[in-house]
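> Okay, so here is structure_16.txt, and as you'll see once you scroll down, it has compact mmCIF, C-alpha atoms and all ligand atoms.
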```txt
# COMPACT_ATOMS: atom_id res chain seq x y z
CA MET T 1 -135.15 212.17 24.89
CA LEU T 2 -136.56 208.98 26.43
CA LYS T 3 -135.36 205.91 24.69
CA TYR T 4 -138.51 203.93 25.33
CA ASN T 5 -141.42 206.28 25.08
CA ALA T 6 -144.90 205.07 24.27
CA LYS T 7 -144.73 206.26 20.68
CA GLU T 8 -141.46 204.53 20.00
CA ASN T 9 -142.75 201.37 21.62
CA LYS T 10 -145.69 201.32 19.25
CA LYS T 11 -143.29 201.73 16.35
CA LYS T 12 -141.19 198.83 17.63
CA LYS T 13 -144.29 196.72 18.01
CA LYS T 14 -144.99 197.15 14.35
CA ILE T 15 -141.55 195.95 13.40
CA GLY T 16 -141.87 192.84 15.57
CA VAL T 17 -141.88 192.72 19.34
CA ASN T 18 -139.67 190.47 21.39
CA MET T 19 -140.66 189.32 24.86
CA GLU T 20 -138.67 192.03 26.55
CA LEU T 21 -140.43 194.79 24.68
CA ASN T 22 -143.72 193.09 25.34
CA ASN T 23 -143.03 193.38 29.04
CA ILE T 24 -142.02 197.00 28.65
CA GLU T 25 -145.35 197.69 26.99
CA GLU T 26 -147.28 195.87 29.62
CA LYS T 27 -145.55 197.49 32.56
CA PHE T 28 -145.97 200.82 30.70
CA LEU T 29 -143.56 203.65 31.07
CA ILE T 30 -143.47 206.33 33.67
CA PRO T 31 -145.88 209.16 32.85
CA ASN T 32 -144.13 212.41 32.04
CA ALA T 33 -146.07 214.15 34.80
CA VAL T 34 -144.39 211.84 37.31
CA LEU T 35 -140.90 212.28 35.91
CA LYS T 36 -141.37 216.05 35.93
CA GLU T 37 -141.98 215.95 39.67
CA TYR T 38 -138.36 214.86 40.02
CA PHE T 39 -136.35 215.65 36.94
CA ASN T 40 -135.79 217.79 33.92
CA VAL T 41 -137.03 215.14 31.51
CA ASN T 42 -134.90 216.50 28.69
CA ASN T 43 -131.83 215.12 30.41
CA ILE T 44 -133.10 211.55 30.71
CA LEU T 45 -131.39 209.05 28.44
CA GLU T 46 -133.52 206.03 29.07
CA VAL T 47 -136.35 204.62 31.16
CA ARG T 48 -136.64 200.88 31.40
CA PRO T 49 -138.26 198.20 33.56
CA TYR T 50 -135.99 196.58 36.13
CA GLY T 51 -135.94 193.61 38.51
CA ASN T 52 -138.25 190.67 39.14
CA GLY T 53 -140.47 191.77 42.02
CA HIS T 54 -144.05 190.47 42.23
CA ILE T 55 -145.58 193.60 43.70
CA ASN T 56 -144.43 197.01 42.45
CA ASN T 57 -143.57 198.30 39.00
CA THR T 58 -139.87 199.07 39.07
CA PHE T 59 -137.97 201.18 36.52
CA LEU T 60 -134.52 202.60 35.98
CA VAL T 61 -134.32 206.24 34.99
CA VAL T 62 -130.94 206.71 33.36
CA PHE T 63 -129.08 210.02 33.06
CA PRO T 64 -125.66 210.52 31.49
CA THR T 65 -123.90 210.47 34.86
CA CYS T 66 -126.32 208.79 37.28
CA THR T 67 -129.30 206.49 37.51
CA TYR T 68 -132.39 206.34 39.73
CA ILE T 69 -134.91 203.68 40.63
CA MET T 70 -138.55 204.69 40.24
CA GLN T 71 -141.39 202.56 41.50
CA LYS T 72 -145.12 202.69 41.17
CA ILE T 73 -146.37 201.47 44.52
CA ASN T 74 -148.96 198.74 44.18
CA ASN T 75 -151.99 200.46 45.61
CA ASN T 76 -154.05 197.30 45.41
CA VAL T 77 -151.65 195.60 47.83
CA PHE T 78 -150.84 198.67 49.96
CA GLU T 79 -153.97 200.57 50.90
CA ASN T 80 -151.98 203.34 52.53
CA PRO T 81 -148.82 204.19 50.57
CA PHE T 82 -148.12 207.07 52.98
CA ALA T 83 -147.79 204.55 55.79
CA VAL T 84 -145.48 202.45 53.64
CA MET T 85 -143.25 205.48 52.99
CA HIS T 86 -143.34 206.49 56.64
CA ASN T 87 -142.03 203.06 57.67
CA ILE T 88 -139.34 203.05 54.99
CA ASP T 89 -138.22 206.53 55.94
CA GLU T 90 -138.00 205.70 59.65
CA VAL T 91 -136.17 202.43 59.19
CA THR T 92 -133.73 203.57 56.51
CA ASN T 93 -132.88 206.71 58.50
CA HIS T 94 -132.14 204.57 61.53
CA ILE T 95 -129.93 202.21 59.51
CA ARG T 96 -128.19 205.10 57.76
CA LYS T 97 -127.32 206.84 61.02
CA ASN T 98 -125.86 203.62 62.42
CA ASN T 99 -123.89 203.02 59.24
CA ILE T 100 -122.48 206.54 59.20
CA TYR T 101 -121.47 206.07 62.84
CA ASP T 102 -119.71 202.83 61.87
CA GLY T 103 -117.90 204.52 58.97
CA LYS T 104 -119.85 202.70 56.26
CA ASP T 105 -120.84 204.32 52.97
CA PRO T 106 -124.45 205.41 53.54
CA ARG T 107 -125.10 205.50 49.77
CA THR T 108 -124.71 201.76 49.33
CA THR T 109 -125.65 200.34 52.73
CA THR T 110 -129.32 201.22 52.74
CA LEU T 111 -131.98 202.69 50.49
CA THR T 112 -131.99 206.46 50.00
CA ILE T 113 -135.32 208.03 49.19
CA ILE T 114 -135.14 210.89 46.69
CA LEU T 115 -137.68 213.61 47.42
CA THR T 116 -139.65 215.36 44.69
CA ARG T 117 -138.73 218.89 43.62
CA TYR T 118 -141.31 220.03 46.16
CA ASN T 119 -139.76 217.94 48.93
CA GLN T 120 -142.43 215.27 49.00
CA ILE T 121 -141.64 211.66 49.84
CA MET T 122 -143.63 210.44 46.85
CA CYS T 123 -145.87 211.88 44.19
CA ILE T 124 -149.44 211.09 43.25
CA VAL T 125 -150.42 211.36 39.61
CA ASP T 126 -153.79 210.10 38.35
CA ASP T 127 -154.37 208.37 41.68
CA GLU T 128 -151.14 206.43 41.29
CA TYR T 129 -148.35 206.61 43.83
CA TRP T 130 -144.75 206.93 42.70
CA ARG T 131 -141.46 207.06 44.57
CA CYS T 132 -137.84 207.47 43.64
CA MET T 133 -134.68 206.05 45.18
CA ARG T 134 -130.99 206.15 44.60
CA PHE T 135 -130.04 203.23 42.35
CA ILE T 136 -127.39 201.19 44.10
CA GLU T 137 -125.51 200.27 40.98
CA GLU T 138 -122.85 198.30 42.81
CA GLY T 139 -125.48 195.82 43.98
CA GLU T 140 -127.07 192.85 42.28
CA THR T 141 -129.84 190.51 43.34
CA PHE T 142 -130.28 186.79 42.78
CA ASP T 143 -133.57 184.99 42.22
CA GLN T 144 -131.94 181.69 43.08
CA ILE T 145 -128.90 180.80 45.14
CA THR T 146 -126.42 178.16 44.07
CA ASP T 147 -123.36 179.42 45.87
CA THR T 148 -123.04 179.04 49.66
CA LYS T 149 -120.81 182.13 49.74
CA ILE T 150 -123.62 184.34 48.44
CA PHE T 151 -126.18 182.76 50.73
CA LYS T 152 -123.93 183.38 53.73
CA GLU T 153 -123.89 187.02 52.72
CA VAL T 154 -127.70 187.05 52.55
CA ALA T 155 -127.72 185.60 56.07
CA HIS T 156 -125.35 188.28 57.33
CA ALA T 157 -127.55 190.99 55.80
CA VAL T 158 -130.75 189.58 57.35
CA GLY T 159 -129.12 189.01 60.75
CA ALA T 160 -127.37 192.40 60.76
CA PHE T 161 -130.67 194.09 59.92
CA GLN T 162 -132.29 192.47 62.95
CA LYS T 163 -129.39 193.36 65.20
CA GLN T 164 -129.38 196.97 64.03
CA LEU T 165 -133.11 197.33 64.57
CA ALA T 166 -133.12 195.58 67.95
CA GLY T 167 -133.21 198.94 69.76
CA PHE T 168 -135.83 200.47 67.50
CA HIS T 169 -139.32 200.93 68.87
CA THR T 170 -141.82 198.81 66.94
CA ARG T 171 -144.62 201.27 67.72
CA VAL T 172 -143.07 203.88 65.46
CA LEU T 173 -144.06 201.66 62.54
CA VAL T 174 -147.52 201.30 61.02
CA ASP T 175 -148.92 197.91 60.04
CA THR T 176 -148.94 198.45 56.28
CA ILE T 177 -150.66 195.11 55.67
CA ALA T 178 -152.57 193.89 58.69
CA HIS T 179 -152.04 190.24 59.67
CA PHE T 180 -149.22 189.93 57.14
CA HIS T 181 -147.58 186.86 58.71
CA ASP T 182 -150.57 185.88 60.81
CA THR T 183 -150.80 182.42 59.31
CA PRO T 184 -153.99 181.29 61.13
CA TYR T 185 -155.69 184.49 59.93
CA ARG T 186 -154.54 183.76 56.40
CA TYR T 187 -155.83 180.20 56.75
CA ASN T 188 -159.29 181.51 57.69
CA HIS T 189 -159.22 183.76 54.64
CA PHE T 190 -158.20 180.77 52.52
CA LYS T 191 -161.18 178.80 53.87
CA ASP T 192 -163.58 181.64 53.00
CA VAL T 193 -162.20 181.92 49.49
CA VAL T 194 -162.53 178.16 48.95
CA LYS T 195 -166.08 178.24 50.26
CA ILE T 196 -167.12 181.05 47.92
CA ASP T 197 -165.05 179.67 45.03
CA ARG T 198 -166.16 182.57 42.87
CA MET T 199 -164.09 181.55 39.84
CA ASP T 200 -165.11 177.90 40.03
CA ARG T 201 -161.48 176.90 40.40
CA ALA T 202 -161.51 174.81 43.58
CA THR T 203 -161.98 171.59 41.61
CA LEU T 204 -158.67 172.32 39.87
CA CYS T 205 -156.73 172.13 43.10
CA LYS T 206 -158.43 169.57 45.32
CA ASP T 207 -155.17 167.96 46.42
CA GLU T 208 -153.59 171.27 47.37
CA ILE T 209 -156.70 172.35 49.31
CA LYS T 210 -156.61 169.03 51.12
CA TYR T 211 -152.93 169.47 51.98
CA VAL T 212 -153.51 172.98 53.32
CA ASN T 213 -156.44 171.77 55.44
CA SER T 214 -154.42 168.89 56.80
CA ASN T 215 -152.00 171.43 58.30
CA LYS T 216 -154.56 173.71 59.90
CA ASN T 217 -153.67 172.76 63.47
CA ASN T 218 -150.06 173.56 63.01
CA LEU T 219 -150.13 177.21 62.07
CA ASP T 220 -150.24 179.33 65.21
CA LEU T 221 -146.99 178.57 67.02
CA ILE T 222 -145.34 181.91 66.20
CA VAL T 223 -148.36 184.24 66.49
CA LYS T 224 -149.35 182.58 69.75
CA ALA T 225 -145.83 182.89 71.15
CA LEU T 226 -145.89 186.58 70.19
CA GLU T 227 -149.33 187.14 71.72
CA GLU T 228 -148.33 185.41 74.93
CA LYS T 229 -145.06 187.36 74.95
CA ARG T 230 -142.99 184.19 75.04
CA ILE T 231 -140.99 185.65 72.16
CA PRO T 232 -140.30 189.37 71.62
CA ARG T 233 -142.04 191.52 69.04
CA ARG T 234 -139.28 192.99 66.94
CA VAL T 235 -138.98 195.06 63.83
CA SER T 236 -138.98 192.58 61.00
CA HIS T 237 -138.53 193.09 57.28
CA ASN T 238 -141.19 190.48 56.53
CA ASP T 239 -140.13 189.86 52.92
CA THR T 240 -136.55 188.62 53.07
CA LYS T 241 -136.66 186.60 49.89
CA VAL T 242 -133.23 186.49 48.35
CA ASN T 243 -133.87 189.03 45.60
CA ASN T 244 -134.52 191.62 48.27
CA VAL T 245 -130.86 191.51 49.35
CA LEU T 246 -128.27 193.49 47.40
CA ILE T 247 -124.89 191.82 46.97
CA SER T 248 -121.89 193.89 45.86
CA LYS T 249 -120.73 193.09 42.34
CA LYS T 250 -117.28 194.35 43.36
CA THR T 251 -116.66 192.48 46.60
CA GLY T 252 -119.30 189.71 46.67
CA LYS T 253 -120.30 191.00 50.12
CA ALA T 254 -123.86 191.86 51.12
CA LEU T 255 -124.61 195.57 50.90
CA CYS T 256 -128.08 195.77 52.40
CA LEU T 257 -131.67 194.66 52.46
CA ILE T 258 -134.03 196.49 50.09
CA ASP T 259 -137.81 196.38 49.49
CA PHE T 260 -138.91 197.67 52.88
CA ASP T 261 -142.60 197.86 51.96
CA THR T 262 -143.58 195.36 54.62
CA VAL T 263 -141.19 196.40 57.36
CA MET T 264 -143.25 196.52 60.57
CA LYS T 265 -143.55 194.78 63.89
CA GLY T 266 -143.17 191.03 63.78
CA SER T 267 -140.72 188.32 64.67
CA LEU T 268 -137.18 187.61 63.55
CA LEU T 269 -138.46 184.13 62.78
CA PHE T 270 -140.43 185.49 59.83
CA ASP T 271 -137.24 186.83 58.28
CA TYR T 272 -135.16 183.73 59.00
CA GLY T 273 -137.77 181.36 57.54
CA ASP T 274 -138.62 183.49 54.54
CA ALA T 275 -134.99 183.92 53.48
CA LEU T 276 -134.46 180.16 53.58
CA ARG T 277 -137.64 179.49 51.62
CA LEU T 278 -136.13 180.39 48.25
CA GLY T 279 -132.49 180.63 49.26
CA ALA T 280 -132.07 177.00 50.39
CA ALA T 281 -134.34 175.62 47.65
CA ILE T 282 -132.76 173.77 44.75
CA ALA T 283 -135.43 175.01 42.32
CA THR T 284 -136.96 178.43 41.79
CA GLU T 285 -140.45 179.42 42.91
CA ASP T 286 -141.54 179.25 39.25
CA GLU T 287 -140.40 175.66 38.65
CA THR T 288 -143.29 173.53 37.36
CA ASP T 289 -141.48 170.19 37.39
CA LEU T 290 -142.27 169.19 40.96
CA SER T 291 -139.71 166.40 40.91
CA LYS T 292 -137.04 169.11 40.93
CA ILE T 293 -138.22 170.66 44.21
CA GLY T 294 -135.98 170.06 47.19
CA ILE T 295 -133.77 171.63 49.82
CA SER T 296 -130.03 171.94 50.04
CA PHE T 297 -128.82 171.03 53.53
CA GLU T 298 -125.51 172.65 52.70
CA LEU T 299 -127.19 175.97 51.92
CA PHE T 300 -129.42 175.64 55.00
CA LYS T 301 -126.36 175.12 57.19
CA ALA T 302 -124.38 177.96 55.61
CA PHE T 303 -127.29 180.34 56.12
CA THR T 304 -128.09 179.28 59.69
CA ASN T 305 -124.48 179.52 60.77
CA ALA T 306 -123.95 183.00 59.32
CA TYR T 307 -127.32 184.18 60.63
CA LEU T 308 -126.56 182.99 64.15
CA GLU T 309 -123.16 184.68 64.01
CA GLU T 310 -125.09 187.93 63.67
CA VAL T 311 -127.96 187.40 66.09
CA LYS T 312 -126.49 185.10 68.76
CA ASP T 313 -126.48 187.94 71.30
CA ILE T 314 -130.11 188.88 70.80
CA ILE T 315 -131.94 185.67 69.88
CA THR T 316 -133.80 184.04 72.77
CA LYS T 317 -133.98 180.31 73.38
CA GLU T 318 -137.73 180.37 72.70
CA GLU T 319 -136.98 181.86 69.29
CA VAL T 320 -134.24 179.30 68.69
CA GLU T 321 -136.76 176.52 69.30
CA LEU T 322 -138.94 177.82 66.50
CA LEU T 323 -136.25 178.29 63.84
CA VAL T 324 -136.90 175.11 61.88
CA TYR T 325 -140.65 175.52 62.25
CA SER T 326 -140.43 179.08 60.85
CA TYR T 327 -138.77 177.69 57.71
CA PHE T 328 -141.73 175.35 57.24
CA LEU T 329 -144.30 177.97 58.16
CA MET T 330 -143.09 180.76 55.87
CA THR T 331 -142.94 178.33 52.95
CA PHE T 332 -146.34 176.85 53.70
CA GLU T 333 -147.87 180.31 54.21
CA VAL T 334 -146.75 181.66 50.85
CA GLY T 335 -147.89 178.43 49.15
CA MET T 336 -151.30 178.90 50.77
CA ARG T 337 -151.33 182.59 49.70
CA PHE T 338 -150.59 181.67 46.06
CA LEU T 339 -153.32 179.01 46.22
CA THR T 340 -155.83 181.41 47.80
CA ASP T 341 -155.09 183.98 45.13
CA PHE T 342 -155.43 181.45 42.32
CA ILE T 343 -158.84 180.34 43.61
CA ASP T 344 -159.88 183.96 44.05
CA GLY T 345 -158.93 184.91 40.48
CA ASP T 346 -155.36 186.26 40.80
CA THR T 347 -156.28 189.54 42.44
CA TYR T 348 -153.18 189.97 44.64
CA PHE T 349 -150.33 188.38 42.70
CA ARG T 350 -151.59 189.78 39.43
CA LEU T 351 -150.49 188.21 36.17
CA ASN T 352 -148.54 190.32 33.70
CA ASN T 353 -149.34 190.08 29.99
CA TYR T 354 -146.65 187.50 29.40
CA ASP T 355 -147.99 185.23 32.14
CA LYS T 356 -151.58 185.74 31.01
CA LYS T 357 -150.61 184.42 27.61
CA HIS T 358 -148.08 181.74 28.50
CA ARG T 359 -148.69 180.79 32.16
CA PRO T 360 -152.29 181.63 33.05
CA TYR T 361 -152.12 179.22 36.04
CA ILE T 362 -148.87 180.60 37.39
CA ASN T 363 -150.27 181.18 40.88
CA LEU T 364 -151.44 177.58 41.07
CA GLU T 365 -148.06 176.44 39.79
CA ARG T 366 -146.27 178.49 42.43
CA ALA T 367 -148.66 177.19 45.08
CA LYS T 368 -147.93 173.56 44.14
CA ASN T 369 -144.22 174.33 44.18
CA GLN T 370 -144.19 176.02 47.59
CA LEU T 371 -146.59 173.57 49.24
CA LYS T 372 -144.49 170.65 48.06
CA LEU T 373 -141.39 172.41 49.39
CA SER T 374 -143.12 172.92 52.74
CA LYS T 375 -143.84 169.20 52.92
CA ILE T 376 -140.21 168.37 52.21
CA ILE T 377 -139.11 170.76 54.97
CA LYS T 378 -141.52 169.11 57.40
CA ASP T 379 -140.39 165.62 56.43
CA ASN T 380 -136.78 166.66 57.11
CA GLU T 381 -137.42 168.38 60.41
CA LYS T 382 -135.08 166.06 62.32
CA GLU T 383 -132.13 166.57 60.01
CA LEU T 384 -132.70 170.33 59.93
CA THR T 385 -132.90 170.48 63.74
CA LYS T 386 -129.64 168.58 63.94
CA ILE T 387 -128.00 171.16 61.69
CA VAL T 388 -129.41 174.07 63.75
CA ASN T 389 -127.94 172.47 66.86
CA GLU T 390 -124.54 172.09 65.21
CA CYS T 391 -124.66 175.78 64.28
CA LEU T 392 -125.70 176.78 67.82
CA ILE T 393 -122.76 174.86 69.25
CA LYS T 394 -120.39 176.36 66.68
CA ASN T 395 -121.56 179.81 67.71
CA ASN T 396 -121.12 179.02 71.42
CA TYR T 397 -124.80 179.49 72.08
CA GLU T 398 -125.52 177.99 75.46
CA TYR T 399 -128.70 176.18 74.44
CA THR T 400 -129.66 173.53 71.88
CA ILE T 401 -133.04 172.22 70.79
P1 LIG V 1 -141.07 194.43 44.58
O1 LIG V 1 -141.77 194.89 45.81
O2 LIG V 1 -141.92 194.44 43.38
O3 LIG V 1 -140.38 193.11 44.82
P2 LIG V 1 -138.43 195.69 44.87
O4 LIG V 1 -138.35 196.93 45.69
O5 LIG V 1 -137.93 194.44 45.48
O6 LIG V 1 -139.92 195.53 44.30
O7 LIG V 1 -137.62 195.97 43.52
C1 LIG V 1 -137.55 195.00 42.48
C2 LIG V 1 -136.09 194.73 42.13
O8 LIG V 1 -135.45 195.95 41.72
C3 LIG V 1 -135.23 194.22 43.28
O9 LIG V 1 -135.30 192.81 43.41
C4 LIG V 1 -133.83 194.69 42.88
O10 LIG V 1 -133.25 193.80 41.95
C5 LIG V 1 -134.09 196.01 42.17
N1 LIG V 1 -133.95 197.20 43.03
C6 LIG V 1 -134.93 197.82 43.73
N2 LIG V 1 -134.47 198.91 44.39
C7 LIG V 1 -133.16 198.99 44.09
C8 LIG V 1 -132.11 199.94 44.42
N3 LIG V 1 -132.36 201.03 45.18
N4 LIG V 1 -130.87 199.73 43.92
C9 LIG V 1 -130.62 198.66 43.13
N5 LIG V 1 -131.56 197.75 42.76
C10 LIG V 1 -132.81 197.91 43.22
C1 LIG V 2 -143.91 189.18 47.15
O1 LIG V 2 -142.48 192.00 46.61
P1 LIG V 2 -141.78 190.68 46.46
O2 LIG V 2 -141.82 190.16 45.07
O3 LIG V 2 -140.40 190.76 47.03
C2 LIG V 2 -144.73 189.27 48.44
C3 LIG V 2 -144.13 188.37 49.50
C4 LIG V 2 -144.08 186.92 48.99
C5 LIG V 2 -143.31 186.89 47.67
C6 LIG V 2 -143.37 185.52 47.04
C7 LIG V 2 -145.89 192.58 49.78
O4 LIG V 2 -142.59 189.65 47.40
O5 LIG V 2 -144.91 188.41 50.69
O6 LIG V 2 -143.46 186.09 49.93
O7 LIG V 2 -143.85 187.84 46.72
N1 LIG V 2 -144.77 190.63 48.91
C8 LIG V 2 -145.93 191.16 49.36
O8 LIG V 2 -142.38 185.41 46.09
O9 LIG V 2 -146.98 190.53 49.41
MG MG V 3 -138.86 192.62 46.04
```
Let me see the structure of the file written as structure tokens.

Amino acid sequence: MLKYNAKENKKKKKIGVNMELNNIEEKFLIPNAVLKEYFNVNNILEVRPYGNGHINNTFLVVFPTCTYIMQKINNNVFENPFAVMHNIDEVTNHIRKNNIYDGKDPRTTTLTIILTRYNQIMCIVDDEYWRCMRFIEEGETFDQITDTKIFKEVAHAVGAFQKQLAGFHTRVLVDTIAHFHDTPYRYNHFKDVVKIDRMDRATLCKDEIKYVNSNKNNLDLIVKALEEKRIPRRVSHNDTKVNNVLISKKTGKALCLIDFDTVMKGSLLFDYGDALRLGAAIATEDETDLSKIGISFELFKAFTNAYLEEVKDIITKEEVELLVYSYFLMTFEVGMRFLTDFIDGDTYFRLNNYDKKHRPYINLERAKNQLKLSKIIKDNEKELTKIVNECLIKNNYEYTI
């Protein structure tokens, strides 16, 4: 029997709903038709929402002796879920084979896709796309980092991922979201959205729009370097925010990267910058008190050092030169994306019921937060460059910026 089925939820609502149950209602439960594609539903003990991702709906499906992760793929964000699954399958198989070769436990060192009873990589029910994965129970994720030890582990996971995928052909992967980290392209989209201003919201964020516009000439350094082949196109994860890295509850060591929805061709700079964005911040992405926004140089140094330990043999000097810039760019880009989405009516980063009620301007709040953080990064470019150089020297890299 499912612990949280729709009927029971309704009953609970009547007897007073707490916020958690409210979220369960809003994220709805997994339709029986989906569960039946994978399991004998009679054996399921519990289905409940899990994690804090912005994109997919994630659930735990609990059995007496094991647990699975089930996710409804956000079809608004990913037009072609088959392409998403193809990329995940290719990349996780590659990582798994390497890990088995190295004697690592393949069950905890990358995602394992569970096929349906009919051997399909996902199932489609009522035009919705669902997938299932092994739940890596040993792992936990952090929305914010306060401990340099944990952040070093995140850095090792991101760097090791890039090293492992260095020999993998980028052409095997499909672009699941075109122009994902093409910041100038995203800026042009931002301009169009501001021009149309279909929700009449541009007046609410004049200062932020001005700040974004004031940076327009500074956005193409990575895409241009890629286009002109001054830096290599590599497989990149493209969404290395810290809660996409599993850390072992037992050992405190990084287990693996998860959330491979955006894995495709790109630059290692995207992954370096994006991991620092939240990881080296002293406030979360949801902080509304802008006076609390800032960066921790200690965390920045810990991350950069551990990251370079992993990638020092593959990173080129042209990439090294763009490290600090990528930290600014990834932070600015996501701030601009939150702002664009706010102006456009929250169509991408959709609000859940709780946010609709309590934080209807959450995308604007996140935009202000991330844009302010990007300004702080820019203002501290010199200090950050100095730290990168110290880390390069420590890692015996023959070049400094
Ligand atoms: P989103 O794209 O919405 O961010 P994620 O794939 O990152 O979705 O999943 C959301 C959260 O669920 C993660 O941050 C993590 O805490 C947890 N999670 C996802 N997959 C697994 C897994 N296989 N094992 C353990 N935890 C997982
Ligand atoms: C989304 O899926 P999640 O929550 O890990 C987004 C990222 C943003 C991030 C901002 C596919 O990441 O690009 O940087 O939110 N993912 C997608 O927190 O758009
Ligand atoms: Mg995620």
> Which polymer residues, whether protein, DNA or RNA, lie within 12 Å of the coordinate (-132.9, 208.4, 49.5) when you count all atoms listed in the file? List them as a PyMOL selection string, using the chain letters and numbers from the file.
chain T and resi 68-70+85+88-93+96+106-116+119-122+131-136+258
> To one decimal place, how far is atom CA of Gln370 of chain T from atom CA of Val334 of chain T in Å?
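If I compute the distance from atom CA of Gln370 of chain T to atom CA of Val334 of chain T, I get 7.0 Å.
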> Could you give me the residues within 7 Å of ligand LIG 1 (chain V), counting only C-alpha atoms and all ligand atoms, as a PyMOL selection string?
chain T and resi 50-58+69+111+133-137+139-141+243-244+258-259+261
> Dump C-alpha atoms for the selected residues as a short mmCIF file (atom, residue, chain, number, x, y, z; two decimals), in the frame of the given file?

```cif
data_model
loop_
_atom_site.label_atom_id
_atom_site.label_comp_id
_atom_site.auth_asym_id
_atom_site.auth_seq_id
_atom_site.Cartn_x
_atom_site.Cartn_y
_atom_site.Cartn_z
CA TYR T 50 -135.99 196.58 36.13
CA GLY T 51 -135.94 193.61 38.51
CA ASN T 52 -138.25 190.67 39.14
CA GLY T 53 -140.47 191.77 42.02
CA HIS T 54 -144.05 190.47 42.23
CA ILE T 55 -145.58 193.60 43.70
CA ASN T 56 -144.43 197.01 42.45
CA ASN T 57 -143.57 198.30 39.00
CA THR T 58 -139.87 199.07 39.07
CA ILE T 69 -134.91 203.68 40.63
CA LEU T 111 -131.98 202.69 50.49
CA MET T 133 -134.68 206.05 45.18
CA ARG T 134 -130.99 206.15 44.60
CA PHE T 135 -130.04 203.23 42.35
CA ILE T 136 -127.39 201.19 44.10
CA GLU T 137 -125.51 200.27 40.98
CA GLY T 139 -125.48 195.82 43.98
CA GLU T 140 -127.07 192.85 42.28
CA THR T 141 -129.84 190.51 43.34
CA ASN T 243 -133.87 189.03 45.60
CA ASN T 244 -134.52 191.62 48.27
CA ILE T 258 -134.03 196.49 50.09
CA ASP T 259 -137.81 196.38 49.49
CA ASP T 261 -142.60 197.86 51.96
#
```
> At a cut-off of 9 Å around ligand LIG 2 (chain V), and using all atoms listed in the file, what residues come up? Please write them as a VMD selection string.
chain T and resid 52 to 56 74 77 to 78 177 180 to 181 238 to 244 259 261 to 262 274 277 to 278 285 330 to 331 333 to 335 337 to 338 348 to 349 366
> Can you sort out the box for segment 192-210 of chain T, edges along x, y and z, all listed atoms in, 8 Å on every side, with centre and edge lengths in Å to one decimal, as AutoDock Vina command-line options?

```
--center_x -160.4 --center_y 175.3 --center_z 46.4 --size_x 29.5 --size_y 30.6 --size_z 29.2
```
> Could you check how far atom CA of Lys372 of chain T sits from atom CA of Ile209 of chain T, in Å to one decimal?
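Interatomic distance, atom CA of Lys372 of chain T to atom CA of Ile209 of chain T: 12.4 Å.
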> Which distance in Å separates atom CA of Glu208 of chain T and atom CA of Met336 of chain T, to one decimal?
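The value is 8.7 Å.
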> Under the rule that only C-alpha atoms and all ligand atoms are counted, which of T:Asp175, T:Asp197, T:Glu228, T:Asp143 is the nearest residue to ligand MG 3 (chain V)?
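Checking each of T:Asp175, T:Asp197, T:Glu228, T:Asp143 against ligand MG 3 (chain V), counting only C-alpha atoms and all ligand atoms, the winner is T:Asp143.
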> Write out as a VMD selection string which residues come within 12 Å of Asp379 of chain T when counting only C-alpha atoms, dropping same-chain ones fewer than 4 positions away.
chain T and resid 294 to 295 324 to 325 328 372 to 375 383 to 385
> Hey, which of T:His156, T:Lys368, T:His237, T:His169 ends up closest to ligand MG 3 (chain V)? Count only C-alpha atoms and all ligand atoms.
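Result for the nearest residue to ligand MG 3 (chain V): T:His237.
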> Of the candidates T:Ile401, T:Val320, T:Val41, T:Ile73, which shows the shortest atom-to-atom distance to ligand MG 3 (chain V), using only C-alpha atoms and all ligand atoms?
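Ranking T:Ile401, T:Val320, T:Val41, T:Ile73 by distance to ligand MG 3 (chain V), first place goes to T:Ile73.
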> Pick out the residues sitting within 9 Å of Arg171 of chain T, and hand them over as a PyMOL selection string; count only C-alpha atoms, and ignore anything fewer than 3 positions along from it in its own chain.
chain T and resi 168+174+264-265
> Excluding Thr316 of chain T and residues on its chain fewer than 6 positions from it, collect all residues at most 10 Å away from it, counting all atoms listed in the file, and give them as a list in words.
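Close residues of Thr316 of chain T: Arg230, Ile231, Pro232 and Tyr399 of chain T.
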